[in-house]
>>> print(open('data_28.txt').read())   # compact mmCIF, C-alpha atoms
# COMPACT_ATOMS: atom_id res chain seq x y z
CA MET A 103 -15.43 7.50 -20.42
CA ILE A 104 -16.77 10.77 -19.00
CA ASP A 105 -18.93 13.14 -21.00
CA PHE A 106 -18.02 16.40 -19.29
CA ARG A 107 -20.40 19.37 -19.56
CA GLY A 108 -22.72 17.41 -21.84
CA GLY A 109 -20.27 17.30 -24.75
CA GLY A 110 -19.84 19.83 -27.51
CA GLU A 111 -18.73 22.59 -25.14
CA THR A 112 -15.85 24.91 -25.91
CA ALA A 113 -12.51 24.31 -24.24
CA LEU A 114 -11.84 26.05 -20.95
CA GLU A 115 -9.45 28.96 -20.93
CA ARG A 116 -6.03 27.83 -19.72
CA ALA A 117 -6.19 30.00 -16.61
CA VAL A 118 -9.51 28.38 -15.64
CA ARG A 119 -8.17 24.93 -16.53
CA ASP A 120 -5.08 25.28 -14.37
CA GLY A 121 -6.23 26.80 -11.11
CA VAL A 122 -8.71 28.60 -8.92
CA GLY A 123 -6.90 31.88 -9.69
CA GLY A 124 -8.50 31.81 -13.14
CA LEU A 125 -11.98 32.22 -11.64
CA ASP A 126 -13.69 35.35 -10.37
CA GLY A 127 -13.78 35.88 -6.63
CA GLU A 128 -12.42 33.45 -4.06
CA PRO A 129 -14.57 30.30 -4.20
CA LEU A 130 -13.88 27.61 -1.62
CA VAL A 131 -12.12 24.56 -3.08
CA VAL A 132 -13.61 21.24 -1.98
CA SER A 133 -11.69 18.09 -2.84
CA ILE A 134 -12.30 14.35 -2.63
CA SER A 135 -10.07 11.56 -3.89
CA ASP A 136 -10.16 7.84 -4.61
CA ILE A 137 -13.90 7.25 -4.68
CA HIS A 138 -13.21 3.96 -6.51
CA GLY A 139 -16.83 3.21 -7.32
CA TYR A 140 -18.13 3.64 -3.76
CA LEU A 141 -20.98 5.94 -4.70
CA GLY A 142 -22.72 5.88 -1.32
CA ALA A 143 -19.56 6.89 0.52
CA ALA A 144 -18.90 9.66 -2.00
CA ARG A 145 -22.44 11.00 -1.55
CA SER A 146 -21.98 11.05 2.23
CA ALA A 147 -18.62 12.82 1.93
CA LEU A 148 -19.91 15.49 -0.44
CA ARG A 149 -22.87 16.19 1.82
CA THR A 150 -20.62 16.92 4.81
CA VAL A 151 -20.41 20.37 3.20
CA GLY A 152 -23.76 21.74 4.24
CA ASP A 153 -24.27 19.23 7.05
CA HIS A 154 -21.74 21.33 8.95
CA GLY A 155 -23.28 24.62 10.03
CA GLU A 156 -20.44 26.84 8.82
CA TYR A 157 -20.87 25.92 5.16
CA ASP A 158 -23.58 26.29 2.55
CA PRO A 159 -24.40 23.03 0.76
CA LEU A 160 -22.12 21.91 -2.05
CA VAL A 161 -24.74 19.49 -3.42
CA GLU A 162 -28.44 18.89 -2.86
CA ALA A 163 -30.46 15.69 -3.25
CA ASP A 164 -33.62 15.46 -5.36
CA ASP A 165 -36.67 13.33 -4.52
CA ASP A 166 -34.94 10.27 -6.00
CA GLY A 167 -31.82 10.82 -3.91
CA ARG A 168 -29.60 11.95 -6.79
CA LEU A 169 -27.16 14.72 -6.00
CA HIS A 170 -27.17 18.01 -7.89
CA TRP A 171 -24.99 21.11 -7.83
CA ALA A 172 -26.29 23.47 -5.15
CA ASP A 173 -25.41 26.68 -7.02
CA ASN A 174 -23.10 27.98 -4.32
CA ASP A 175 -19.61 29.44 -4.65
CA TYR A 176 -17.42 26.33 -4.74
CA VAL A 177 -14.91 24.51 -6.90
CA LEU A 178 -15.11 20.73 -6.58
CA VAL A 179 -11.93 18.78 -7.31
CA PHE A 180 -12.23 15.04 -7.84
CA ASN A 181 -8.60 14.20 -7.14
CA GLY A 182 -8.31 11.06 -9.25
CA ASP A 183 -9.46 7.41 -9.18
CA LEU A 184 -13.21 7.67 -9.63
CA VAL A 185 -13.57 4.04 -10.68
CA ASP A 186 -12.68 0.37 -10.01
CA ARG A 187 -12.78 -1.74 -6.83
CA GLY A 188 -16.18 -0.55 -5.56
CA PRO A 189 -19.67 -1.66 -6.65
CA ASP A 190 -20.83 1.33 -8.73
CA SER A 191 -18.15 2.89 -10.90
CA ALA A 192 -20.78 3.74 -13.54
CA GLY A 193 -22.82 5.58 -10.91
CA VAL A 194 -19.81 7.64 -9.84
CA VAL A 195 -19.11 8.58 -13.47
CA GLU A 196 -22.76 9.56 -13.88
CA LEU A 197 -22.54 11.76 -10.77
CA VAL A 198 -19.49 13.59 -12.11
CA GLU A 199 -21.15 14.04 -15.50
CA ARG A 200 -24.33 15.44 -13.93
CA LEU A 201 -22.46 17.89 -11.69
CA SER A 202 -20.26 19.04 -14.57
CA ARG A 203 -23.38 19.86 -16.62
CA GLU A 204 -25.02 21.75 -13.77
CA ALA A 205 -22.07 23.70 -12.34
CA PRO A 206 -20.59 26.75 -14.08
CA PRO A 207 -17.64 25.97 -16.39
CA GLY A 208 -14.43 25.33 -14.49
CA ARG A 209 -16.13 24.48 -11.19
CA ILE A 210 -15.91 20.67 -11.56
CA ARG A 211 -12.30 19.55 -11.88
CA LEU A 212 -10.89 16.04 -12.32
CA THR A 213 -7.21 15.27 -11.89
CA LEU A 214 -5.88 12.19 -13.63
CA GLY A 215 -5.70 9.20 -11.30
CA ASN A 216 -3.87 5.99 -12.08
CA HIS A 217 -7.21 4.27 -12.73
CA GLU A 218 -8.24 6.89 -15.32
CA TRP A 219 -4.67 6.43 -16.62
CA GLY A 220 -5.56 2.73 -16.94
CA VAL A 221 -8.37 3.61 -19.36
CA LEU A 222 -5.90 5.48 -21.57
CA PHE A 223 -3.12 2.86 -21.44
CA PRO A 224 -4.82 -0.57 -21.41
CA ALA A 225 -1.95 -2.31 -23.22
CA VAL A 226 0.35 -1.52 -20.29
CA VAL A 227 -1.72 -2.69 -17.30
CA HIS A 228 -4.29 -5.21 -18.68
CA TRP A 229 -6.94 -4.47 -16.04
CA ASP A 230 -9.56 -6.57 -17.81
CA GLU A 231 -11.42 -7.45 -14.61
CA TRP A 232 -12.06 -3.82 -13.67
CA PHE A 233 -14.34 -1.08 -14.97
CA SER A 234 -11.36 0.85 -16.36
CA GLY A 235 -10.12 -2.16 -18.32
CA ARG A 236 -13.48 -2.75 -20.01
CA ARG A 237 -13.74 0.69 -21.62
CA THR A 238 -14.10 0.99 -25.39
CA ASP A 239 -11.95 2.92 -27.84
CA ASP A 240 -14.69 5.57 -27.89
CA ASP A 241 -14.39 5.86 -24.10
CA ARG A 242 -10.66 6.41 -24.48
CA ARG A 243 -11.23 9.06 -27.15
CA ARG A 244 -13.72 10.78 -24.85
CA LEU A 245 -11.09 11.01 -22.10
CA CYS A 246 -8.58 12.41 -24.58
CA ARG A 247 -11.13 15.03 -25.58
CA ALA A 248 -11.66 15.87 -21.90
CA VAL A 249 -7.93 16.61 -21.65
CA ALA A 250 -8.01 18.80 -24.76
CA ASP A 251 -11.04 20.69 -23.38
CA GLY A 252 -9.39 21.23 -20.00
CA ASP A 253 -11.82 19.15 -17.93
CA LEU A 254 -9.28 16.42 -17.08
CA VAL A 255 -5.90 17.70 -15.88
CA ALA A 256 -2.63 16.47 -14.43
CA ALA A 257 -2.68 19.09 -11.66
CA TYR A 258 -4.80 21.98 -10.39
CA GLU A 259 -3.56 24.99 -8.43
CA GLY A 260 -5.50 25.89 -5.30
CA TYR A 261 -4.71 28.82 -3.02
CA ASN A 262 -1.83 27.37 -1.03
CA PHE A 263 -1.74 23.78 -2.31
CA THR A 264 -1.59 22.08 -5.70
CA TYR A 265 -4.01 19.21 -6.26
CA ALA A 266 -2.62 16.11 -7.94
CA HIS A 267 -3.53 12.48 -7.56
CA ALA A 268 -0.10 11.31 -6.37
CA GLY A 269 2.12 14.40 -6.49
CA GLN A 270 5.81 15.00 -7.04
CA PRO A 271 8.71 15.62 -4.65
CA SER A 272 10.17 18.52 -6.64
CA ARG A 273 8.59 21.79 -7.72
CA TYR A 274 6.32 21.85 -10.76
CA ARG A 275 3.73 24.14 -12.30
CA ALA A 276 0.25 22.88 -13.12
CA ARG A 277 0.17 24.78 -16.42
CA TYR A 278 3.38 23.18 -17.67
CA LEU A 279 2.30 19.63 -16.79
CA ASN A 280 -1.21 20.20 -18.13
CA ASP A 281 0.19 21.43 -21.44
CA LYS A 282 2.39 18.32 -21.64
CA PHE A 283 -0.62 16.15 -20.86
CA VAL A 284 -2.54 17.77 -23.73
CA ASP A 285 0.38 17.09 -26.09
CA ALA A 286 0.53 13.44 -25.06
CA MET A 287 -3.22 12.91 -25.51
CA ASP A 288 -3.15 14.62 -28.91
CA ASP A 289 -0.67 11.94 -29.98
CA LEU A 290 -2.68 9.13 -28.43
CA VAL A 291 -6.10 10.04 -29.78
CA ALA A 292 -4.73 10.02 -33.33
CA VAL A 293 -3.86 6.30 -33.13
CA ILE A 294 -6.50 4.78 -30.84
CA GLY A 295 -7.81 1.59 -32.44
CA THR A 296 -5.01 1.38 -35.01
CA ASP A 297 -1.96 -0.86 -35.31
CA GLU A 298 0.11 1.94 -33.75
CA ASP A 299 -1.98 2.15 -30.58
CA GLU A 300 -0.03 -0.18 -28.26
CA ASP A 301 3.42 1.06 -29.26
CA THR A 302 2.27 4.67 -28.87
CA GLN A 303 0.96 3.99 -25.37
CA ARG A 304 4.37 2.72 -24.28
CA ARG A 305 6.25 5.53 -26.02
CA LEU A 306 4.15 8.26 -24.42
CA ILE A 307 4.78 6.89 -20.93
CA GLU A 308 8.51 7.21 -21.60
CA ASP A 309 8.31 10.57 -23.38
CA TYR A 310 6.16 12.22 -20.70
CA ARG A 311 7.58 10.60 -17.60
CA ARG A 312 6.74 13.30 -15.07
CA VAL A 313 3.06 13.04 -15.93
CA LEU A 314 2.62 9.43 -17.02
CA SER A 315 5.44 7.19 -15.76
CA MET A 316 4.68 4.27 -13.43
CA GLY A 317 8.19 4.42 -11.99
CA ARG A 318 10.02 1.44 -10.52
CA GLN A 319 8.61 -1.59 -8.73
CA GLY A 320 5.76 -2.01 -11.22
CA GLY A 321 4.22 1.33 -10.31
CA ARG A 322 4.23 3.70 -7.29
CA GLY A 323 8.00 3.57 -6.76
CA PHE A 324 10.87 5.98 -7.34
CA GLY A 325 10.64 7.77 -10.68
CA ALA A 326 6.85 7.52 -10.83
CA GLY A 327 4.92 10.40 -12.37
CA ILE A 328 2.29 12.61 -10.83
CA VAL A 329 -0.46 9.96 -10.98
CA TRP A 330 1.54 6.99 -9.63
CA LEU A 331 4.02 8.03 -6.90
CA ASP A 332 3.33 6.52 -3.47
CA PHE A 333 2.87 8.92 -0.53
CA ARG A 334 5.83 7.33 1.26
CA TYR A 335 8.15 8.78 -1.40
CA LEU A 336 6.85 12.33 -0.95
CA PRO A 337 9.05 13.94 1.72
CA GLY A 338 7.58 16.61 3.93
CA GLU A 339 9.76 19.17 2.16
CA SER A 340 7.94 18.55 -1.14
CA PRO A 341 6.02 21.46 -2.66
CA PRO A 342 2.67 22.06 -0.93
CA GLN A 343 0.27 19.50 -2.38
CA ILE A 344 -3.02 17.74 -1.71
CA VAL A 345 -2.84 14.16 -2.96
CA GLY A 346 -4.71 10.88 -2.80
CA HIS A 347 -3.55 7.52 -4.14
CA THR A 348 -2.17 6.04 -0.89
CA ARG A 349 -4.81 4.83 1.57
CA GLN A 350 -5.23 6.52 4.96
CA GLU A 351 -7.74 6.08 7.77
CA GLN A 352 -8.22 9.86 7.93
CA PRO A 353 -6.70 12.82 6.08
CA VAL A 354 -3.10 13.22 7.19
CA GLN A 355 -0.46 15.92 6.81
CA LYS A 356 3.24 15.21 6.34
CA GLY A 357 5.06 18.52 6.22
CA ASN A 358 3.83 20.34 3.12
CA VAL A 359 1.75 17.43 1.82
CA VAL A 360 -1.78 16.37 2.78
CA CYS A 361 -3.17 12.97 1.72
CA GLU A 362 -6.96 12.68 1.50
CA ASN A 363 -7.51 9.06 0.34
CA VAL A 364 -9.81 7.70 3.07
CA ILE A 365 -12.91 6.12 1.53
CA ARG A 366 -11.64 2.55 1.04
CA SER A 367 -10.05 2.38 4.50
CA ASN A 368 -13.41 3.18 6.12
CA GLN A 369 -15.67 0.69 4.33
CA GLU A 370 -15.91 -1.66 7.31
CA ASN A 371 -17.33 0.89 9.75
CA ALA A 372 -19.79 3.76 9.85
CA GLY A 373 -18.33 7.16 9.04
CA GLY A 374 -14.80 8.08 8.05
CA GLU A 375 -15.50 9.46 4.57
CA ALA A 376 -14.25 13.01 4.15
CA VAL A 377 -13.58 16.04 1.98
CA LEU A 378 -11.03 18.82 2.29
CA VAL A 379 -12.08 22.48 2.11
CA GLU A 380 -9.48 25.08 1.13
CA SER A 381 -9.87 28.84 1.43
CA PRO A 382 -7.16 31.46 0.81
CA ASP A 383 -6.10 31.23 4.46
CA SER A 384 -7.12 27.78 5.71
CA LEU A 385 -7.36 24.07 4.99
CA ARG A 386 -9.85 21.92 6.87
CA SER A 387 -11.20 18.39 6.60
CA LEU A 388 -14.89 17.66 7.07
CA GLU A 389 -15.07 14.04 8.24
CA ARG A 390 -18.24 12.01 8.68
CA THR A 391 -18.56 10.61 12.20
CA TYR A 392 -19.99 7.20 13.08
CA ASP A 393 -23.30 8.77 14.19
CA GLY A 394 -23.76 10.85 11.01
CA GLY A 395 -22.30 14.09 12.30
CA VAL A 396 -19.35 16.03 10.90
CA HIS A 397 -15.96 16.40 12.57
CA VAL A 398 -13.68 19.28 11.55
CA ASN A 399 -9.90 19.09 11.54
CA GLU A 400 -7.55 21.99 10.80
CA PHE A 401 -4.32 21.61 8.79
CA GLU A 402 -1.29 23.86 8.71
CA ILE A 403 -0.64 26.14 5.76
CA PRO A 404 3.01 25.61 4.81
CA GLU A 405 5.22 28.65 5.31
CA GLU A 406 6.44 28.16 1.75
CA ALA A 407 2.90 28.62 0.49
CA SER A 408 1.94 31.53 2.73
CA ALA A 409 5.11 33.37 1.79
CA ASP A 410 4.29 33.34 -1.97
>>> encode(input="data_28.txt", output="structure tokens")
Amino acid sequence: MIDFRGGGETALERAVRDGVGGLDGEPLVVSISDIHGYLGAARSALRTVGDHGEYDPLVEADDDGRLHWADNDYVLVFNGDLVDRGPDSAGVVELVERLSREAPPGRIRLTLGNHEWGVLFPAVVHWDEWFSGRRTDDDRRRLCRAVADGDLVAAYEGYNFTYAHAGQPSRYRARYLNDKFVDAMDDLVAVIGTDEDEDTQRRLIEDYRRVLSMGRQGGRGFGAGIVWLDFRYLPGESPPQIVGHTRQEQPVQKGNVVCENVIRSNQENAGGEAVLVESPDSLRSLERTYDGGVHVNEFEIPEEASAD
């Protein structure tokens, strides 16, 4: 579904795949979640970095209005659910592809959301009316290749927080879950389009529950994996994480966990779209105001994280 880095590139080193610590220096980590095909809102959110005077631009627009990587020292994490619901899922995918070609390797990261999960496991959810449910077998193979190459991950380690679409209440390591994700997709890609495809989809969800399980209640409930668990089931004592998945009107912090899924809840009014910006010693949201400005909000660094 997504042709990262123009295709044909070598796989990322595991350290680069798994976290910002694998990169040189201390680049700021910018994250955005749950774009869901709302390309205009995503563009506005990404441009808050640069519209606020303390930050160099993350992206720059060309004469046709398309966004390009601004060649500054950032990592951009798309924290799951690029597609479905909104009017331009294809445009969002194109944006991610373009930025991944223009940015240095390892600077554009995508964590698996439940709607990318839906591309990989169509026999389980039957989302035929959505963009994810109309993908081809070649699209599914392309996503599997993105996992093998390290461009699509289950989790990504920031400085004090781990980025995952829905998160987990107990401690985990991004490298371990990413390795498991690679193993699962190696099994899946071998059978896509064959008679074994549907049974393999269901088996992998059971075999790799912490990454892939939908949990109880038809998804989002207890026992759900890192792409499905609802924010309500993440206690404040969970490991420090930045998640999306569960809609909020603005980025919110519950103990060690920050949820950044705001785009869909702000479609009826001007402003509200946002990104998070993490440095080694801070976490801030940059939120678009109704008049086009940028509001900054500071979040607490968990003592658990700062003590590591």
>>> closest_atom_pairs(input="data_28.txt", of="region 164-202 of chain A", to="region 136-150 of chain A", cutoff="9 Å", atoms="only C-alpha atoms", output="tab-separated table")
residue	atom	partner	partner_atom	distance
A:Arg168	CA	A:Arg145	CA	8.9
A:Leu169	CA	A:Arg145	CA	7.5
A:Phe180	CA	A:Asp136	CA	8.2
A:Asn181	CA	A:Asp136	CA	7.0
A:Gly182	CA	A:Asp136	CA	5.9
A:Asp183	CA	A:Asp136	CA	4.6
A:Leu184	CA	A:His138	CA	4.8
A:Val185	CA	A:His138	CA	4.2
A:Asp186	CA	A:His138	CA	5.0
A:Arg187	CA	A:His138	CA	5.7
A:Gly188	CA	A:Gly139	CA	4.2
A:Pro189	CA	A:Gly139	CA	5.7
A:Asp190	CA	A:Gly139	CA	4.6
A:Ser191	CA	A:Gly139	CA	3.8
A:Ala192	CA	A:Gly139	CA	7.4
A:Gly193	CA	A:Leu141	CA	6.5
A:Val194	CA	A:Leu141	CA	5.5
A:Val195	CA	A:Gly139	CA	8.5
A:Leu197	CA	A:Leu141	CA	8.6
>>> closest_residue(input="data_28.txt", among="A:Asp173, A:Asp239, A:Glu308, A:Glu380", to="Ala326 (chain A)", atoms="only C-alpha atoms")
A:Glu308
>>> residues_around(input="data_28.txt", residues="Glu128 (chain A)", least_positions_apart="3", cutoff="10 Å", atoms="only C-alpha atoms", output="PyMOL selection string")
chain A and resi 122-123+125+131+175-177+261+381-382
>>> closest_residue(input="data_28.txt", among="A:Arg119, A:Arg334, A:Arg390, A:Arg203", to="Ala276 (chain A)", atoms="only C-alpha atoms")
A:Arg119
>>> atom_distance(input="data_28.txt", atom1="CA of Ser234 (chain A)", atom2="CA of Ile104 (chain A)")
11.6 Å
>>> residues_near_point(input="data_28.txt", point="(-21.6, 16.3, 12.7)", cutoff="12 Å", atoms="all atoms listed in the file", output="PDB file with C-alpha atoms, in the coordinates of the input")
ATOM      1  CA  SER A 146     -21.980  11.050   2.230  1.00  0.00           C
ATOM      2  CA  ALA A 147     -18.620  12.820   1.930  1.00  0.00           C
ATOM      3  CA  ARG A 149     -22.870  16.190   1.820  1.00  0.00           C
ATOM      4  CA  THR A 150     -20.620  16.920   4.810  1.00  0.00           C
ATOM      5  CA  VAL A 151     -20.410  20.370   3.200  1.00  0.00           C
ATOM      6  CA  GLY A 152     -23.760  21.740   4.240  1.00  0.00           C
ATOM      7  CA  ASP A 153     -24.270  19.230   7.050  1.00  0.00           C
ATOM      8  CA  HIS A 154     -21.740  21.330   8.950  1.00  0.00           C
ATOM      9  CA  GLY A 155     -23.280  24.620  10.030  1.00  0.00           C
ATOM     10  CA  GLU A 156     -20.440  26.840   8.820  1.00  0.00           C
ATOM     11  CA  GLY A 373     -18.330   7.160   9.040  1.00  0.00           C
ATOM     12  CA  GLY A 374     -14.800   8.080   8.050  1.00  0.00           C
ATOM     13  CA  ALA A 376     -14.250  13.010   4.150  1.00  0.00           C
ATOM     14  CA  LEU A 388     -14.890  17.660   7.070  1.00  0.00           C
ATOM     15  CA  GLU A 389     -15.070  14.040   8.240  1.00  0.00           C
ATOM     16  CA  ARG A 390     -18.240  12.010   8.680  1.00  0.00           C
ATOM     17  CA  THR A 391     -18.560  10.610  12.200  1.00  0.00           C
ATOM     18  CA  TYR A 392     -19.990   7.200  13.080  1.00  0.00           C
ATOM     19  CA  ASP A 393     -23.300   8.770  14.190  1.00  0.00           C
ATOM     20  CA  GLY A 394     -23.760  10.850  11.010  1.00  0.00           C
ATOM     21  CA  GLY A 395     -22.300  14.090  12.300  1.00  0.00           C
ATOM     22  CA  VAL A 396     -19.350  16.030  10.900  1.00  0.00           C
ATOM     23  CA  HIS A 397     -15.960  16.400  12.570  1.00  0.00           C
ATOM     24  CA  VAL A 398     -13.680  19.280  11.550  1.00  0.00           C
TER      25      VAL A 398
END
>>> atom_distance(input="data_28.txt", atom1="CA of Ala250 (chain A)", atom2="CA of Arg318 (chain A)")
28.8 Å
>>> residues_near_point(input="data_28.txt", point="(-12.2, 13.7, -23.1)", cutoff="10 Å", atoms="only C-alpha atoms", output="ChimeraX atom specification")
/A:103-106,109,240-254,287,291
>>> atom_distance(input="data_28.txt", atom1="CA of Val221 (chain A)", atom2="CA of Arg237 (chain A)")
6.5 Å
>>> residues_around(input="data_28.txt", residues="Leu279 (chain A)", least_positions_apart="3", cutoff="9 Å", atoms="only C-alpha atoms", output="PyMOL selection string")
chain A and resi 255-257+274-276+282-284+312-313
>>> closest_residue(input="data_28.txt", among="A:Gly346, A:Leu130, A:Gln352, A:Ser135", to="Leu160 (chain A)", atoms="only C-alpha atoms")
A:Leu130
>>> closest_residue(input="data_28.txt", among="A:Asp281, A:Arg366, A:Arg107, A:Val226", to="Ser202 (chain A)", atoms="only C-alpha atoms")
A:Arg107
>>> residues_around(input="data_28.txt", residues="Pro337 (chain A)", least_positions_apart="5", cutoff="12 Å", atoms="all atoms listed in the file", output="list in words")
Gly269, Gln270, Pro271, Ser272, Leu331, Asp332, Pro342, Gln343, Gln355, Lys356, Gly357, Asn358, Val359 and Val360 of chain A
>>> axis_aligned_box(input="data_28.txt", around="region 118-134 of chain A", padding_each_side="3 Å", output="lines of an AutoDock Vina configuration file")
center_x = -9.8
center_y = 25.1
center_z = -9.1
size_x = 15.5
size_y = 27.5
size_z = 20.9
>>> decode(input="data_28.txt", residues="region 334-348 of chain A", atoms="N, CA and C atoms", output="PDB file, in the first residue's frame")
ATOM      1  N   ARG A 334      -8.888   3.736  27.290  1.00  0.00           N
ATOM      2  CA  ARG A 334      -9.487   3.578  28.624  1.00  0.00           C
ATOM      3  C   ARG A 334      -8.876   2.416  29.394  1.00  0.00           C
ATOM      4  N   TYR A 335      -8.285   1.456  28.683  1.00  0.00           N
ATOM      5  CA  TYR A 335      -7.696   0.283  29.328  1.00  0.00           C
ATOM      6  C   TYR A 335      -6.192   0.435  29.564  1.00  0.00           C
ATOM      7  N   LEU A 336      -5.668   1.629  29.313  1.00  0.00           N
ATOM      8  CA  LEU A 336      -4.266   1.931  29.613  1.00  0.00           C
ATOM      9  C   LEU A 336      -4.221   2.719  30.913  1.00  0.00           C
ATOM     10  N   PRO A 337      -3.901   2.094  32.033  1.00  0.00           N
ATOM     11  CA  PRO A 337      -3.834   2.849  33.285  1.00  0.00           C
ATOM     12  C   PRO A 337      -2.677   3.841  33.263  1.00  0.00           C
ATOM     13  N   GLY A 338      -2.773   4.837  34.119  1.00  0.00           N
ATOM     14  CA  GLY A 338      -1.718   5.834  34.178  1.00  0.00           C
ATOM     15  C   GLY A 338      -0.369   5.274  34.558  1.00  0.00           C
ATOM     16  N   GLU A 339      -0.367   4.095  35.197  1.00  0.00           N
ATOM     17  CA  GLU A 339       0.889   3.463  35.611  1.00  0.00           C
ATOM     18  C   GLU A 339       1.518   2.642  34.485  1.00  0.00           C
ATOM     19  N   SER A 340       0.920   2.651  33.297  1.00  0.00           N
ATOM     20  CA  SER A 340       1.510   1.954  32.155  1.00  0.00           C
ATOM     21  C   SER A 340       2.887   2.523  31.848  1.00  0.00           C
ATOM     22  N   PRO A 341       3.710   1.802  31.088  1.00  0.00           N
ATOM     23  CA  PRO A 341       4.989   2.370  30.668  1.00  0.00           C
ATOM     24  C   PRO A 341       4.773   3.680  29.904  1.00  0.00           C
ATOM     25  N   PRO A 342       5.716   4.598  29.950  1.00  0.00           N
ATOM     26  CA  PRO A 342       5.556   5.868  29.230  1.00  0.00           C
ATOM     27  C   PRO A 342       5.373   5.642  27.729  1.00  0.00           C
ATOM     28  N   GLN A 343       4.245   6.113  27.207  1.00  0.00           N
ATOM     29  CA  GLN A 343       3.897   5.881  25.812  1.00  0.00           C
ATOM     30  C   GLN A 343       3.181   7.078  25.227  1.00  0.00           C
ATOM     31  N   ILE A 344       3.328   7.256  23.921  1.00  0.00           N
ATOM     32  CA  ILE A 344       2.522   8.189  23.144  1.00  0.00           C
ATOM     33  C   ILE A 344       1.701   7.359  22.180  1.00  0.00           C
ATOM     34  N   VAL A 345       0.384   7.457  22.297  1.00  0.00           N
ATOM     35  CA  VAL A 345      -0.530   6.615  21.535  1.00  0.00           C
ATOM     36  C   VAL A 345      -1.532   7.485  20.788  1.00  0.00           C
ATOM     37  N   GLY A 346      -2.273   6.841  19.899  1.00  0.00           N
ATOM     38  CA  GLY A 346      -3.409   7.454  19.229  1.00  0.00           C
ATOM     39  C   GLY A 346      -4.643   6.609  19.488  1.00  0.00           C
ATOM     40  N   HIS A 347      -5.316   6.239  18.402  1.00  0.00           N
ATOM     41  CA  HIS A 347      -6.384   5.235  18.387  1.00  0.00           C
ATOM     42  C   HIS A 347      -7.697   5.708  18.994  1.00  0.00           C
ATOM     43  N   THR A 348      -7.686   6.294  20.179  1.00  0.00           N
ATOM     44  CA  THR A 348      -8.912   6.696  20.862  1.00  0.00           C
ATOM     45  C   THR A 348      -9.077   8.208  20.752  1.00  0.00           C
TER      46      THR A 348
END
